[in-house]
file final-v2.pdb (PDB, C-alpha atoms, pLDDT in the B column)
ATOM      1  CA  MET Q 352       0.000   0.000   0.000  1.00 42.00           C
ATOM      2  CA  THR Q 353       2.827   2.355   0.892  1.00 45.00           C
ATOM      3  CA  SER Q 354       4.616   1.633  -2.392  1.00 53.00           C
ATOM      4  CA  LEU Q 355       1.411   2.323  -4.337  1.00 46.00           C
ATOM      5  CA  ARG Q 356       0.895   5.607  -2.549  1.00 71.00           C
ATOM      6  CA  ILE Q 357       4.425   6.676  -3.336  1.00 78.00           C
ATOM      7  CA  THR Q 358       3.834   5.772  -6.976  1.00 79.00           C
ATOM      8  CA  ASP Q 359       0.647   7.828  -7.002  1.00 80.00           C
ATOM      9  CA  ILE Q 360       2.473  10.794  -5.516  1.00 88.00           C
ATOM     10  CA  GLN Q 361       5.245  10.434  -8.060  1.00 87.00           C
ATOM     11  CA  GLY Q 362       2.614  10.745 -10.768  1.00 88.00           C
ATOM     12  CA  LEU Q 363       1.041  13.817  -9.152  1.00 89.00           C
ATOM     13  CA  TYR Q 364       4.472  15.348  -8.652  1.00 91.00           C
ATOM     14  CA  ALA Q 365       5.309  14.788 -12.324  1.00 92.00           C
ATOM     15  CA  GLN Q 366       2.011  16.375 -13.414  1.00 89.00           C
ATOM     16  CA  ALA Q 367       2.616  19.467 -11.271  1.00 90.00           C
ATOM     17  CA  GLU Q 368       6.221  19.751 -12.443  1.00 91.00           C
ATOM     18  CA  SER Q 369       5.099  19.418 -16.059  1.00 88.00           C
ATOM     19  CA  ALA Q 370       2.542  22.206 -15.562  1.00 87.00           C
ATOM     20  CA  ILE Q 371       5.198  24.479 -14.074  1.00 89.00           C
ATOM     21  CA  LYS Q 372       7.522  23.814 -17.014  1.00 88.00           C
ATOM     22  CA  ARG Q 373       4.744  24.567 -19.520  1.00 84.00           C
ATOM     23  CA  TYR Q 374       3.868  27.856 -17.879  1.00 85.00           C
ATOM     24  CA  GLU Q 375       7.325  29.089 -16.891  1.00 83.00           C
ATOM     25  CA  ARG Q 376       7.732  30.969 -20.189  1.00 78.00           C
ATOM     26  CA  ILE Q 377       5.064  33.370 -18.917  1.00 77.00           C
ATOM     27  CA  GLY Q 378       7.302  34.182 -15.950  1.00 73.00           C
ATOM     28  CA  LEU Q 379       8.804  32.275 -13.046  1.00 69.00           C
ATOM     29  CA  ASP Q 380       7.762  34.962 -10.570  1.00 79.00           C
ATOM     30  CA  ASN Q 381       4.184  33.766 -10.962  1.00 80.00           C
ATOM     31  CA  LEU Q 382       5.158  30.197 -10.098  1.00 89.00           C
ATOM     32  CA  VAL Q 383       7.016  30.684  -6.813  1.00 90.00           C
ATOM     33  CA  ALA Q 384       4.072  29.407  -4.752  1.00 89.00           C
ATOM     34  CA  ALA Q 385       3.704  26.298  -6.930  1.00 91.00           C
ATOM     35  CA  ILE Q 386       7.433  25.557  -6.764  1.00 92.00           C
ATOM     36  CA  ASN Q 387       7.338  25.867  -2.976  1.00 94.00           C
ATOM     37  CA  GLU Q 388       4.431  23.413  -2.833  1.00 94.00           C
ATOM     38  CA  LEU Q 389       6.500  20.848  -4.732  1.00 93.00           C
ATOM     39  CA  ARG Q 390       9.369  21.437  -2.333  1.00 93.00           C
ATOM     40  CA  TYR Q 391       7.061  20.755   0.616  1.00 94.00           C
ATOM     41  CA  ALA Q 392       5.775  17.618  -1.122  1.00 93.00           C
ATOM     42  CA  GLY Q 393       9.325  16.363  -1.545  1.00 92.00           C
ATOM     43  CA  GLN Q 394      10.039  16.937   2.137  1.00 92.00           C
ATOM     44  CA  HIS Q 395       7.024  14.837   3.144  1.00 92.00           C
ATOM     45  CA  VAL Q 396       7.962  12.049   0.725  1.00 91.00           C
ATOM     46  CA  LEU Q 397      11.445  11.912   2.256  1.00 89.00           C
ATOM     47  CA  ALA Q 398       9.957  11.906   5.746  1.00 91.00           C
ATOM     48  CA  ALA Q 399       7.685   9.014   4.765  1.00 87.00           C
ATOM     49  CA  ALA Q 400      10.566   7.109   3.204  1.00 86.00           C
ATOM     50  CA  VAL Q 401      12.688   7.177   6.364  1.00 88.00           C
ATOM     51  CA  SER Q 402       9.843   6.489   8.799  1.00 85.00           C
ATOM     52  CA  ASP Q 403       9.210   2.958  10.084  1.00 86.00           C
ATOM     53  CA  ASP Q 404       5.800   3.880  11.478  1.00 87.00           C
ATOM     54  CA  VAL Q 405       2.966   3.055   9.080  1.00 85.00           C
ATOM     55  CA  GLY Q 406       0.785   5.825  10.493  1.00 87.00           C
ATOM     56  CA  GLU Q 407       3.544   8.398  10.052  1.00 88.00           C
ATOM     57  CA  LYS Q 408       4.220   7.204   6.511  1.00 87.00           C
ATOM     58  CA  THR Q 409       0.543   7.549   5.626  1.00 87.00           C
ATOM     59  CA  LYS Q 410       0.322  10.995   7.210  1.00 90.00           C
ATOM     60  CA  HIS Q 411       3.332  12.315   5.295  1.00 91.00           C
ATOM     61  CA  LEU Q 412       2.225  10.754   2.025  1.00 90.00           C
ATOM     62  CA  LEU Q 413      -1.238  12.298   2.332  1.00 91.00           C
ATOM     63  CA  ARG Q 414       0.347  15.680   2.981  1.00 92.00           C
ATOM     64  CA  ALA Q 415       2.671  15.204   0.023  1.00 92.00           C
ATOM     65  CA  GLU Q 416      -0.336  14.360  -2.135  1.00 91.00           C
ATOM     66  CA  ARG Q 417      -2.117  17.567  -1.112  1.00 90.00           C
ATOM     67  CA  HIS Q 418       0.993  19.646  -1.778  1.00 93.00           C
ATOM     68  CA  CYS Q 419       1.337  18.149  -5.265  1.00 92.00           C
ATOM     69  CA  GLU Q 420      -2.295  18.880  -6.078  1.00 87.00           C
ATOM     70  CA  ARG Q 421      -1.955  22.400  -4.704  1.00 89.00           C
ATOM     71  CA  ALA Q 422       1.233  22.943  -6.705  1.00 92.00           C
ATOM     72  CA  ARG Q 423      -0.523  22.139  -9.963  1.00 89.00           C
ATOM     73  CA  TYR Q 424      -3.504  24.335  -9.232  1.00 85.00           C
ATOM     74  CA  ASP Q 425      -1.311  27.164  -7.968  1.00 86.00           C
ATOM     75  CA  ALA Q 426       0.635  26.997 -11.220  1.00 88.00           C
ATOM     76  CA  GLN Q 427      -2.577  27.028 -13.244  1.00 85.00           C
ATOM     77  CA  GLU Q 428      -4.217  29.795 -11.251  1.00 84.00           C
ATOM     78  CA  SER Q 429      -1.175  32.089 -11.225  1.00 84.00           C
ATOM     79  CA  THR Q 430      -0.708  31.538 -14.963  1.00 85.00           C
ATOM     80  CA  ILE Q 431      -4.325  32.474 -15.672  1.00 85.00           C
ATOM     81  CA  VAL Q 432      -3.907  35.622 -13.564  1.00 84.00           C
ATOM     82  CA  ALA Q 433      -0.686  36.595 -15.363  1.00 85.00           C
ATOM     83  CA  LEU Q 434      -2.234  36.031 -18.795  1.00 86.00           C
ATOM     84  CA  LEU Q 435      -5.380  37.979 -17.931  1.00 86.00           C
ATOM     85  CA  GLU Q 436      -3.219  40.862 -16.713  1.00 85.00           C
ATOM     86  CA  GLY Q 437      -1.776  41.000 -20.218  1.00 83.00           C
ATOM     87  CA  PHE Q 438      -5.282  41.394 -21.637  1.00 83.00           C
ATOM     88  CA  ALA Q 439      -6.108  44.009 -19.001  1.00 84.00           C
ATOM     89  CA  THR Q 440      -3.017  45.981 -20.004  1.00 83.00           C
ATOM     90  CA  ILE Q 441      -4.196  46.078 -23.616  1.00 82.00           C
ATOM     91  CA  ARG Q 442      -7.730  47.029 -22.557  1.00 80.00           C
ATOM     92  CA  ASN Q 443      -6.355  49.913 -20.487  1.00 80.00           C
ATOM     93  CA  LEU Q 444      -4.589  51.468 -23.473  1.00 80.00           C
ATOM     94  CA  GLU Q 445      -7.790  53.356 -24.373  1.00 76.00           C
ATOM     95  CA  LEU Q 446      -7.903  51.833 -27.846  1.00 81.00           C
ATOM     96  CA  THR Q 447     -11.207  50.868 -29.409  1.00 83.00           C
ATOM     97  CA  ASP Q 448     -12.027  47.316 -30.441  1.00 83.00           C
ATOM     98  CA  SER Q 449     -12.018  48.474 -34.061  1.00 85.00           C
ATOM     99  CA  GLU Q 450      -8.485  49.825 -33.691  1.00 85.00           C
ATOM    100  CA  LEU Q 451      -7.284  46.610 -32.050  1.00 85.00           C
ATOM    101  CA  LYS Q 452      -8.871  44.526 -34.809  1.00 86.00           C
ATOM    102  CA  GLU Q 453      -6.503  46.181 -37.284  1.00 85.00           C
ATOM    103  CA  PHE Q 454      -3.719  44.113 -35.710  1.00 84.00           C
ATOM    104  CA  LEU Q 455      -5.792  41.311 -34.157  1.00 85.00           C
ATOM    105  CA  PRO Q 456      -8.634  40.298 -36.497  1.00 88.00           C
ATOM    106  CA  ASP Q 457      -9.856  37.708 -33.968  1.00 85.00           C
ATOM    107  CA  TRP Q 458      -9.753  40.160 -31.047  1.00 83.00           C
ATOM    108  CA  GLN Q 459     -13.354  39.441 -30.020  1.00 85.00           C
ATOM    109  CA  GLU Q 460     -12.670  35.708 -30.013  1.00 86.00           C
ATOM    110  CA  MET Q 461      -9.584  36.306 -27.872  1.00 86.00           C
ATOM    111  CA  LEU Q 462     -11.671  38.272 -25.395  1.00 83.00           C
ATOM    112  CA  GLY Q 463     -14.046  35.330 -25.261  1.00 83.00           C
ATOM    113  CA  ARG Q 464     -11.170  33.019 -24.354  1.00 82.00           C
ATOM    114  CA  ALA Q 465     -10.071  35.421 -21.642  1.00 83.00           C
ATOM    115  CA  SER Q 466     -13.587  35.563 -20.232  1.00 81.00           C
ATOM    116  CA  HIS Q 467     -13.814  31.772 -20.351  1.00 77.00           C
ATOM    117  CA  ALA Q 468     -10.547  31.422 -18.422  1.00 78.00           C
ATOM    118  CA  GLN Q 469     -11.455  34.119 -15.924  1.00 76.00           C
ATOM    119  CA  LYS Q 470     -14.456  32.186 -14.638  1.00 74.00           C
ATOM    120  CA  TYR Q 471     -12.084  29.539 -13.285  1.00 70.00           C
ATOM    121  CA  LEU Q 472     -10.213  31.903 -10.982  1.00 68.00           C
ATOM    122  CA  ALA Q 473     -12.665  31.467  -8.131  1.00 60.00           C
ATOM    123  CA  GLN Q 474     -12.516  27.688  -8.559  1.00 59.00           C
ATOM    124  CA  ALA Q 475      -8.886  27.051  -9.417  1.00 50.00           C
ATOM    125  CA  GLY Q 476      -7.824  26.192  -5.863  1.00 50.00           C
ATOM    126  CA  ASN Q 477     -10.540  23.589  -5.338  1.00 54.00           C
ATOM    127  CA  VAL Q 478      -9.917  20.193  -6.932  1.00 42.00           C
ATOM    128  CA  LYS Q 479     -13.582  19.302  -6.535  1.00 50.00           C
ATOM    129  CA  ASN Q 480     -14.737  22.080  -8.848  1.00 69.00           C
ATOM    130  CA  VAL Q 481     -12.498  21.988 -11.908  1.00 72.00           C
ATOM    131  CA  ALA Q 482     -10.636  19.122 -13.505  1.00 76.00           C
ATOM    132  CA  PRO Q 483      -6.927  19.879 -14.093  1.00 76.00           C
ATOM    133  CA  GLU Q 484      -7.287  18.877 -17.741  1.00 80.00           C
ATOM    134  CA  GLU Q 485     -10.084  21.408 -18.197  1.00 80.00           C
ATOM    135  CA  LEU Q 486      -7.908  24.154 -16.760  1.00 80.00           C
ATOM    136  CA  ASP Q 487      -5.002  23.081 -18.961  1.00 83.00           C
ATOM    137  CA  GLU Q 488      -7.207  23.389 -22.037  1.00 83.00           C
ATOM    138  CA  ALA Q 489      -8.429  26.860 -21.044  1.00 82.00           C
ATOM    139  CA  ILE Q 490      -4.873  27.989 -20.311  1.00 83.00           C
ATOM    140  CA  ALA Q 491      -3.616  26.622 -23.632  1.00 85.00           C
ATOM    141  CA  ASP Q 492      -6.227  28.719 -25.477  1.00 84.00           C
ATOM    142  CA  LEU Q 493      -5.308  31.738 -23.393  1.00 85.00           C
ATOM    143  CA  MET Q 494      -1.587  31.262 -24.009  1.00 85.00           C
ATOM    144  CA  ASN Q 495      -2.163  31.100 -27.763  1.00 85.00           C
ATOM    145  CA  ALA Q 496      -4.055  34.381 -27.560  1.00 84.00           C
ATOM    146  CA  HIS Q 497      -1.311  35.844 -25.369  1.00 83.00           C
ATOM    147  CA  GLU Q 498       1.336  34.932 -27.941  1.00 85.00           C
ATOM    148  CA  LYS Q 499      -0.646  36.781 -30.595  1.00 84.00           C
ATOM    149  CA  LEU Q 500      -0.818  39.807 -28.319  1.00 83.00           C
ATOM    150  CA  CYS Q 501       2.930  39.717 -27.752  1.00 82.00           C
ATOM    151  CA  ALA Q 502       3.581  39.449 -31.494  1.00 85.00           C
ATOM    152  CA  VAL Q 503       1.698  42.664 -32.299  1.00 84.00           C
ATOM    153  CA  GLU Q 504       2.383  44.534 -29.059  1.00 81.00           C
ATOM    154  CA  PRO Q 505       4.943  46.903 -30.678  1.00 83.00           C
ATOM    155  CA  LEU Q 506       2.372  47.823 -33.340  1.00 84.00           C
ATOM    156  CA  ILE Q 507      -0.335  48.345 -30.724  1.00 83.00           C
ATOM    157  CA  MET Q 508       1.947  50.524 -28.607  1.00 81.00           C
ATOM    158  CA  GLY Q 509       2.912  52.493 -31.712  1.00 83.00           C
ATOM    159  CA  LEU Q 510      -0.760  53.127 -32.468  1.00 79.00           C
ATOM    160  CA  ARG Q 511      -1.305  54.192 -28.877  1.00 77.00           C
ATOM    161  CA  GLN Q 512       1.587  56.650 -29.072  1.00 79.00           C
ATOM    162  CA  LYS Q 513       0.155  58.127 -32.267  1.00 79.00           C
ATOM    163  CA  LYS Q 514      -3.250  58.407 -30.651  1.00 76.00           C
ATOM    164  CA  ILE Q 515      -1.790  60.024 -27.556  1.00 73.00           C
ATOM    165  CA  GLY Q 516       0.194  62.372 -29.794  1.00 71.00           C
ATOM    166  CA  ALA Q 517      -2.960  63.335 -31.677  1.00 68.00           C
ATOM    167  CA  ILE Q 518      -4.843  63.884 -28.423  1.00 70.00           C
ATOM    168  CA  ASP Q 519      -1.992  65.950 -27.007  1.00 69.00           C
ATOM    169  CA  ALA Q 520      -1.808  67.968 -30.226  1.00 72.00           C
ATOM    170  CA  ALA Q 521      -5.557  68.621 -30.099  1.00 75.00           C
ATOM    171  CA  ARG Q 522      -5.304  69.660 -26.456  1.00 81.00           C
ATOM    172  CA  GLN Q 523      -2.358  71.919 -27.248  1.00 78.00           C
ATOM    173  CA  ALA Q 524      -4.241  73.458 -30.167  1.00 78.00           C
ATOM    174  CA  GLU Q 525      -7.221  74.086 -27.906  1.00 84.00           C
ATOM    175  CA  GLU Q 526      -4.940  75.623 -25.286  1.00 83.00           C
ATOM    176  CA  ASP Q 527      -3.306  77.797 -27.948  1.00 80.00           C
ATOM    177  CA  ARG Q 528      -6.749  78.972 -29.088  1.00 86.00           C
ATOM    178  CA  ARG Q 529      -7.708  79.736 -25.516  1.00 86.00           C
ATOM    179  CA  VAL Q 530      -4.489  81.683 -24.921  1.00 84.00           C
ATOM    180  CA  ALA Q 531      -4.909  83.569 -28.205  1.00 81.00           C
ATOM    181  CA  ALA Q 532      -8.510  84.422 -27.348  1.00 83.00           C
ATOM    182  CA  GLU Q 533      -7.441  85.621 -23.913  1.00 84.00           C
ATOM    183  CA  GLU Q 534      -4.690  87.743 -25.434  1.00 84.00           C
ATOM    184  CA  MET Q 535      -7.174  89.239 -27.904  1.00 84.00           C
ATOM    185  CA  ARG Q 536      -9.562  90.001 -25.063  1.00 82.00           C
ATOM    186  CA  GLN Q 537      -6.810  91.617 -23.026  1.00 83.00           C
ATOM    187  CA  ASN Q 538      -5.577  93.574 -26.054  1.00 81.00           C
ATOM    188  CA  ALA Q 539      -9.109  94.754 -26.766  1.00 78.00           C
ATOM    189  CA  GLN Q 540      -9.478  95.752 -23.135  1.00 82.00           C
ATOM    190  CA  ARG Q 541      -6.170  97.631 -23.219  1.00 80.00           C
ATOM    191  CA  THR Q 542      -7.182  99.314 -26.489  1.00 82.00           C
ATOM    192  CA  GLU Q 543     -10.448 100.461 -24.963  1.00 79.00           C
ATOM    193  CA  GLU Q 544      -8.617 101.712 -21.888  1.00 80.00           C
ATOM    194  CA  ASP Q 545      -6.141 103.550 -24.118  1.00 77.00           C
ATOM    195  CA  ARG Q 546      -9.013 105.140 -26.016  1.00 81.00           C
ATOM    196  CA  ARG Q 547     -10.621 106.254 -22.791  1.00 82.00           C
ATOM    197  CA  TYR Q 548      -7.315 107.680 -21.624  1.00 81.00           C
ATOM    198  CA  VAL Q 549      -6.817 109.576 -24.898  1.00 79.00           C
ATOM    199  CA  ARG Q 550     -10.377 110.908 -24.727  1.00 82.00           C
ATOM    200  CA  SER Q 551      -9.864 112.057 -21.157  1.00 83.00           C
ATOM    201  CA  ILE Q 552      -6.594 113.797 -22.126  1.00 85.00           C
ATOM    202  CA  MET Q 553      -8.252 115.459 -25.109  1.00 84.00           C
ATOM    203  CA  LEU Q 554     -11.167 116.603 -22.984  1.00 82.00           C
ATOM    204  CA  ALA Q 555      -8.727 117.972 -20.426  1.00 82.00           C
ATOM    205  CA  TRP Q 556      -6.849 119.886 -23.124  1.00 84.00           C
ATOM    206  CA  ILE Q 557     -10.072 121.167 -24.593  1.00 85.00           C
ATOM    207  CA  GLY Q 558     -11.154 122.309 -21.160  1.00 81.00           C
ATOM    208  CA  LEU Q 559      -7.817 124.006 -20.632  1.00 81.00           C
ATOM    209  CA  VAL Q 560      -7.997 125.748 -24.012  1.00 82.00           C
ATOM    210  CA  VAL Q 561     -11.560 126.870 -23.372  1.00 81.00           C
ATOM    211  CA  GLY Q 562     -10.505 128.126 -19.977  1.00 80.00           C
ATOM    212  CA  LEU Q 563      -7.577 130.032 -21.471  1.00 80.00           C
ATOM    213  CA  LEU Q 564      -9.802 131.502 -24.157  1.00 80.00           C
ATOM    214  CA  GLY Q 565     -12.262 132.588 -21.511  1.00 79.00           C
ATOM    215  CA  PHE Q 566      -9.476 134.122 -19.490  1.00 77.00           C
ATOM    216  CA  ALA Q 567      -8.106 135.876 -22.570  1.00 76.00           C
ATOM    217  CA  ALA Q 568     -11.561 137.225 -23.383  1.00 77.00           C
ATOM    218  CA  SER Q 569     -11.904 138.551 -19.864  1.00 79.00           C
ATOM    219  CA  VAL Q 570      -8.514 140.267 -20.045  1.00 75.00           C
ATOM    220  CA  PHE Q 571      -9.343 141.703 -23.452  1.00 74.00           C
ATOM    221  CA  GLY Q 572     -12.633 143.028 -22.085  1.00 75.00           C
ATOM    222  CA  ILE Q 573     -10.853 144.681 -19.188  1.00 76.00           C
ATOM    223  CA  ILE Q 574      -8.355 146.313 -21.547  1.00 75.00           C
ATOM    224  CA  LEU Q 575     -11.160 147.696 -23.714  1.00 73.00           C
ATOM    225  CA  ALA Q 576     -12.948 149.004 -20.674  1.00 71.00           C
ATOM    226  CA  MET Q 577      -9.829 150.780 -19.483  1.00 73.00           C
ATOM    227  CA  LYS Q 578      -9.407 152.445 -22.896  1.00 68.00           C
ATOM    228  CA  ASP Q 579     -12.929 153.794 -22.757  1.00 63.00           C
ATOM    229  CA  LEU Q 580     -12.096 155.445 -19.469  1.00 60.00           C
TER     230      LEU Q 580
END
call {"tool": "encode", "arguments": {"input": "final-v2.pdb", "output": "structure tokens"}}
result
Amino acid sequence: MTSLRITDIQGLYAQAESAIKRYERIGLDNLVAAINELRYAGQHVLAAAVSDDVGEKTKHLLRAERHCERARYDAQESTIVALLEGFATIRNLELTDSELKEFLPDWQEMLGRASHAQKYLAQAGNVKNVAPEELDEAIADLMNAHEKLCAVEPLIMGLRQKKIGAIDAARQAEEDRRVAAEEMRQNAQRTEEDRRYVRSIMLAWIGLVVGLLGFAASVFGIILAMKDL
């Protein structure tokens, strides 16, 4: 019985290790938890191998079995999360579906695969809910879509830069129009103020001239009056 259990665990260990190797091209950082689970499984297998107590052997082998199962599901779950983050990054670029279809004709189908894989996230840690093979199939579809994204990512980023440049140019043009309008308003205001100032100066001069003329007339009248005397 003990030999059979060890054989079963060897199979589970190999399945988890195979999953980690398949998904490591997405990034090893996402697989640290799964790798640690395999390490724990190995420790329990060694503990079972050196123990002479049947109960202890069984306990360690059961724990090793759980660690192997958890390692595979951790690898699958973390890979789904990493792949979906790639889709989220593209979605956050503020590009329309029509623009993305220029580079990814099957973009809508790819989104469907992402949505299909996303529904497993809440279940991925529970072996009773999702069969490992079903998760592997969903991840394989998602990885194919991810590879297509990676292949056209430079083109997508180039389009985004052009779009951002166009938006920035439009904003700058609008700002330039606003500044020009404000300058025109201020110039018009200054022109009106200058006109008022000129008018006030002219009125002051006219008043002064009229006053001088009045004074001159008064003096002239006095002179004439003195001559009559």
call {"tool": "resolve_selection", "arguments": {"input": "final-v2.pdb", "expression": "the PyMOL selection byres ((chain Q and resi 373-375) around 12)", "output": "JSON, numbers by chain"}}
result
{"Q": [366, 367, 368, 369, 370, 371, 372, 376, 377, 378, 379, 380, 381, 382, 383, 385, 386, 423, 424, 425, 426, 427, 428, 429, 430, 431, 432, 433, 434, 487, 490, 491, 493, 494]}
call {"tool": "residues_around", "arguments": {"input": "final-v2.pdb", "residues": "Leu451 in chain Q", "least_positions_apart": "4", "cutoff": "12 Å", "atoms": "only C-alpha atoms", "output": "number ranges by chain"}}
result
Q: 438, 441-442, 444-447, 455-459, 461-462, 499-500, 503-504, 506-511
call {"tool": "atom_distance", "arguments": {"input": "final-v2.pdb", "atom1": "CA of Ala439 in chain Q", "atom2": "CA of Gly516 in chain Q"}}
result
22.2 Å
call {"tool": "residues_near_point", "arguments": {"input": "final-v2.pdb", "point": "(4.7, 22.7, 1.4)", "cutoff": "9 Å", "atoms": "all atoms listed in the file", "output": "PyMOL selection string"}}
result
chain Q and resi 387-395+414-415+417-419+422
call {"tool": "atom_distance", "arguments": {"input": "final-v2.pdb", "atom1": "CA of Gly406 in chain Q", "atom2": "CA of Ile360 in chain Q"}}
result
16.8 Å
call {"tool": "closest_residue", "arguments": {"input": "final-v2.pdb", "among": "Q:Asp448, Q:Ala489, Q:Arg541, Q:Glu534", "to": "Gln469 in chain Q", "atoms": "only C-alpha atoms"}}
result
Q:Ala489
call {"tool": "atom_distance", "arguments": {"input": "final-v2.pdb", "atom1": "CA of Lys410 in chain Q", "atom2": "CA of Leu486 in chain Q"}}
result
28.6 Å
call {"tool": "closest_residue", "arguments": {"input": "final-v2.pdb", "among": "Q:Asn443, Q:Ser449, Q:Asp492, Q:Leu363", "to": "Ser466 in chain Q", "atoms": "only C-alpha atoms"}}
result
Q:Asp492
call {"tool": "closest_residue", "arguments": {"input": "final-v2.pdb", "among": "Q:Tyr471, Q:Ala539, Q:Ile357, Q:Cys501", "to": "Glu488 in chain Q", "atoms": "only C-alpha atoms"}}
result
Q:Tyr471
call {"tool": "closest_residue", "arguments": {"input": "final-v2.pdb", "among": "Q:Val401, Q:Glu543, Q:His497, Q:Leu554", "to": "Thr440 in chain Q", "atoms": "only C-alpha atoms"}}
result
Q:His497
call {"tool": "decode", "arguments": {"input": "final-v2.pdb", "residues": "range 446-467 of chain Q", "atoms": "N, CA and C atoms", "output": "PDB file, in the first residue's frame"}}
result
ATOM      1  N   LEU Q 446      -7.725  52.068 -26.418  1.00  0.00           N
ATOM      2  CA  LEU Q 446      -7.903  51.833 -27.846  1.00  0.00           C
ATOM      3  C   LEU Q 446      -9.246  51.145 -28.056  1.00  0.00           C
ATOM      4  N   THR Q 447      -9.914  51.477 -29.133  1.00  0.00           N
ATOM      5  CA  THR Q 447     -11.207  50.868 -29.409  1.00  0.00           C
ATOM      6  C   THR Q 447     -11.020  49.458 -29.954  1.00  0.00           C
ATOM      7  N   ASP Q 448     -12.087  48.672 -29.889  1.00  0.00           N
ATOM      8  CA  ASP Q 448     -12.027  47.316 -30.441  1.00  0.00           C
ATOM      9  C   ASP Q 448     -11.729  47.356 -31.939  1.00  0.00           C
ATOM     10  N   SER Q 449     -12.270  48.355 -32.616  1.00  0.00           N
ATOM     11  CA  SER Q 449     -12.018  48.474 -34.061  1.00  0.00           C
ATOM     12  C   SER Q 449     -10.539  48.722 -34.334  1.00  0.00           C
ATOM     13  N   GLU Q 450      -9.915  49.550 -33.516  1.00  0.00           N
ATOM     14  CA  GLU Q 450      -8.485  49.825 -33.691  1.00  0.00           C
ATOM     15  C   GLU Q 450      -7.655  48.576 -33.416  1.00  0.00           C
ATOM     16  N   LEU Q 451      -8.027  47.826 -32.382  1.00  0.00           N
ATOM     17  CA  LEU Q 451      -7.284  46.610 -32.050  1.00  0.00           C
ATOM     18  C   LEU Q 451      -7.459  45.539 -33.128  1.00  0.00           C
ATOM     19  N   LYS Q 452      -8.625  45.522 -33.762  1.00  0.00           N
ATOM     20  CA  LYS Q 452      -8.871  44.526 -34.809  1.00  0.00           C
ATOM     21  C   LYS Q 452      -7.984  44.745 -36.029  1.00  0.00           C
ATOM     22  N   GLU Q 453      -7.425  45.945 -36.174  1.00  0.00           N
ATOM     23  CA  GLU Q 453      -6.503  46.181 -37.284  1.00  0.00           C
ATOM     24  C   GLU Q 453      -5.280  45.273 -37.173  1.00  0.00           C
ATOM     25  N   PHE Q 454      -4.884  44.966 -35.943  1.00  0.00           N
ATOM     26  CA  PHE Q 454      -3.719  44.113 -35.710  1.00  0.00           C
ATOM     27  C   PHE Q 454      -4.119  42.711 -35.258  1.00  0.00           C
ATOM     28  N   LEU Q 455      -5.313  42.597 -34.675  1.00  0.00           N
ATOM     29  CA  LEU Q 455      -5.792  41.311 -34.157  1.00  0.00           C
ATOM     30  C   LEU Q 455      -7.197  41.064 -34.701  1.00  0.00           C
ATOM     31  N   PRO Q 456      -7.312  40.511 -35.893  1.00  0.00           N
ATOM     32  CA  PRO Q 456      -8.634  40.298 -36.497  1.00  0.00           C
ATOM     33  C   PRO Q 456      -9.573  39.469 -35.621  1.00  0.00           C
ATOM     34  N   ASP Q 457      -9.016  38.545 -34.830  1.00  0.00           N
ATOM     35  CA  ASP Q 457      -9.856  37.708 -33.968  1.00  0.00           C
ATOM     36  C   ASP Q 457      -9.877  38.228 -32.532  1.00  0.00           C
ATOM     37  N   TRP Q 458      -9.796  39.548 -32.372  1.00  0.00           N
ATOM     38  CA  TRP Q 458      -9.753  40.160 -31.047  1.00  0.00           C
ATOM     39  C   TRP Q 458     -10.962  39.774 -30.199  1.00  0.00           C
ATOM     40  N   GLN Q 459     -12.155  39.787 -30.778  1.00  0.00           N
ATOM     41  CA  GLN Q 459     -13.354  39.441 -30.020  1.00  0.00           C
ATOM     42  C   GLN Q 459     -13.303  37.987 -29.549  1.00  0.00           C
ATOM     43  N   GLU Q 460     -12.809  37.116 -30.402  1.00  0.00           N
ATOM     44  CA  GLU Q 460     -12.670  35.708 -30.013  1.00  0.00           C
ATOM     45  C   GLU Q 460     -11.660  35.562 -28.877  1.00  0.00           C
ATOM     46  N   MET Q 461     -10.589  36.344 -28.932  1.00  0.00           N
ATOM     47  CA  MET Q 461      -9.584  36.306 -27.872  1.00  0.00           C
ATOM     48  C   MET Q 461     -10.170  36.781 -26.548  1.00  0.00           C
ATOM     49  N   LEU Q 462     -11.010  37.804 -26.612  1.00  0.00           N
ATOM     50  CA  LEU Q 462     -11.671  38.272 -25.395  1.00  0.00           C
ATOM     51  C   LEU Q 462     -12.577  37.189 -24.823  1.00  0.00           C
ATOM     52  N   GLY Q 463     -13.205  36.435 -25.717  1.00  0.00           N
ATOM     53  CA  GLY Q 463     -14.046  35.330 -25.261  1.00  0.00           C
ATOM     54  C   GLY Q 463     -13.234  34.276 -24.525  1.00  0.00           C
ATOM     55  N   ARG Q 464     -12.040  33.983 -25.029  1.00  0.00           N
ATOM     56  CA  ARG Q 464     -11.170  33.019 -24.354  1.00  0.00           C
ATOM     57  C   ARG Q 464     -10.756  33.538 -22.981  1.00  0.00           C
ATOM     58  N   ALA Q 465     -10.461  34.832 -22.923  1.00  0.00           N
ATOM     59  CA  ALA Q 465     -10.071  35.421 -21.642  1.00  0.00           C
ATOM     60  C   ALA Q 465     -11.218  35.345 -20.643  1.00  0.00           C
ATOM     61  N   SER Q 466     -12.420  35.635 -21.108  1.00  0.00           N
ATOM     62  CA  SER Q 466     -13.587  35.563 -20.232  1.00  0.00           C
ATOM     63  C   SER Q 466     -13.836  34.132 -19.770  1.00  0.00           C
ATOM     64  N   HIS Q 467     -13.625  33.186 -20.682  1.00  0.00           N
ATOM     65  CA  HIS Q 467     -13.814  31.772 -20.351  1.00  0.00           C
ATOM     66  C   HIS Q 467     -12.819  31.337 -19.275  1.00  0.00           C
TER      67      HIS Q 467
END
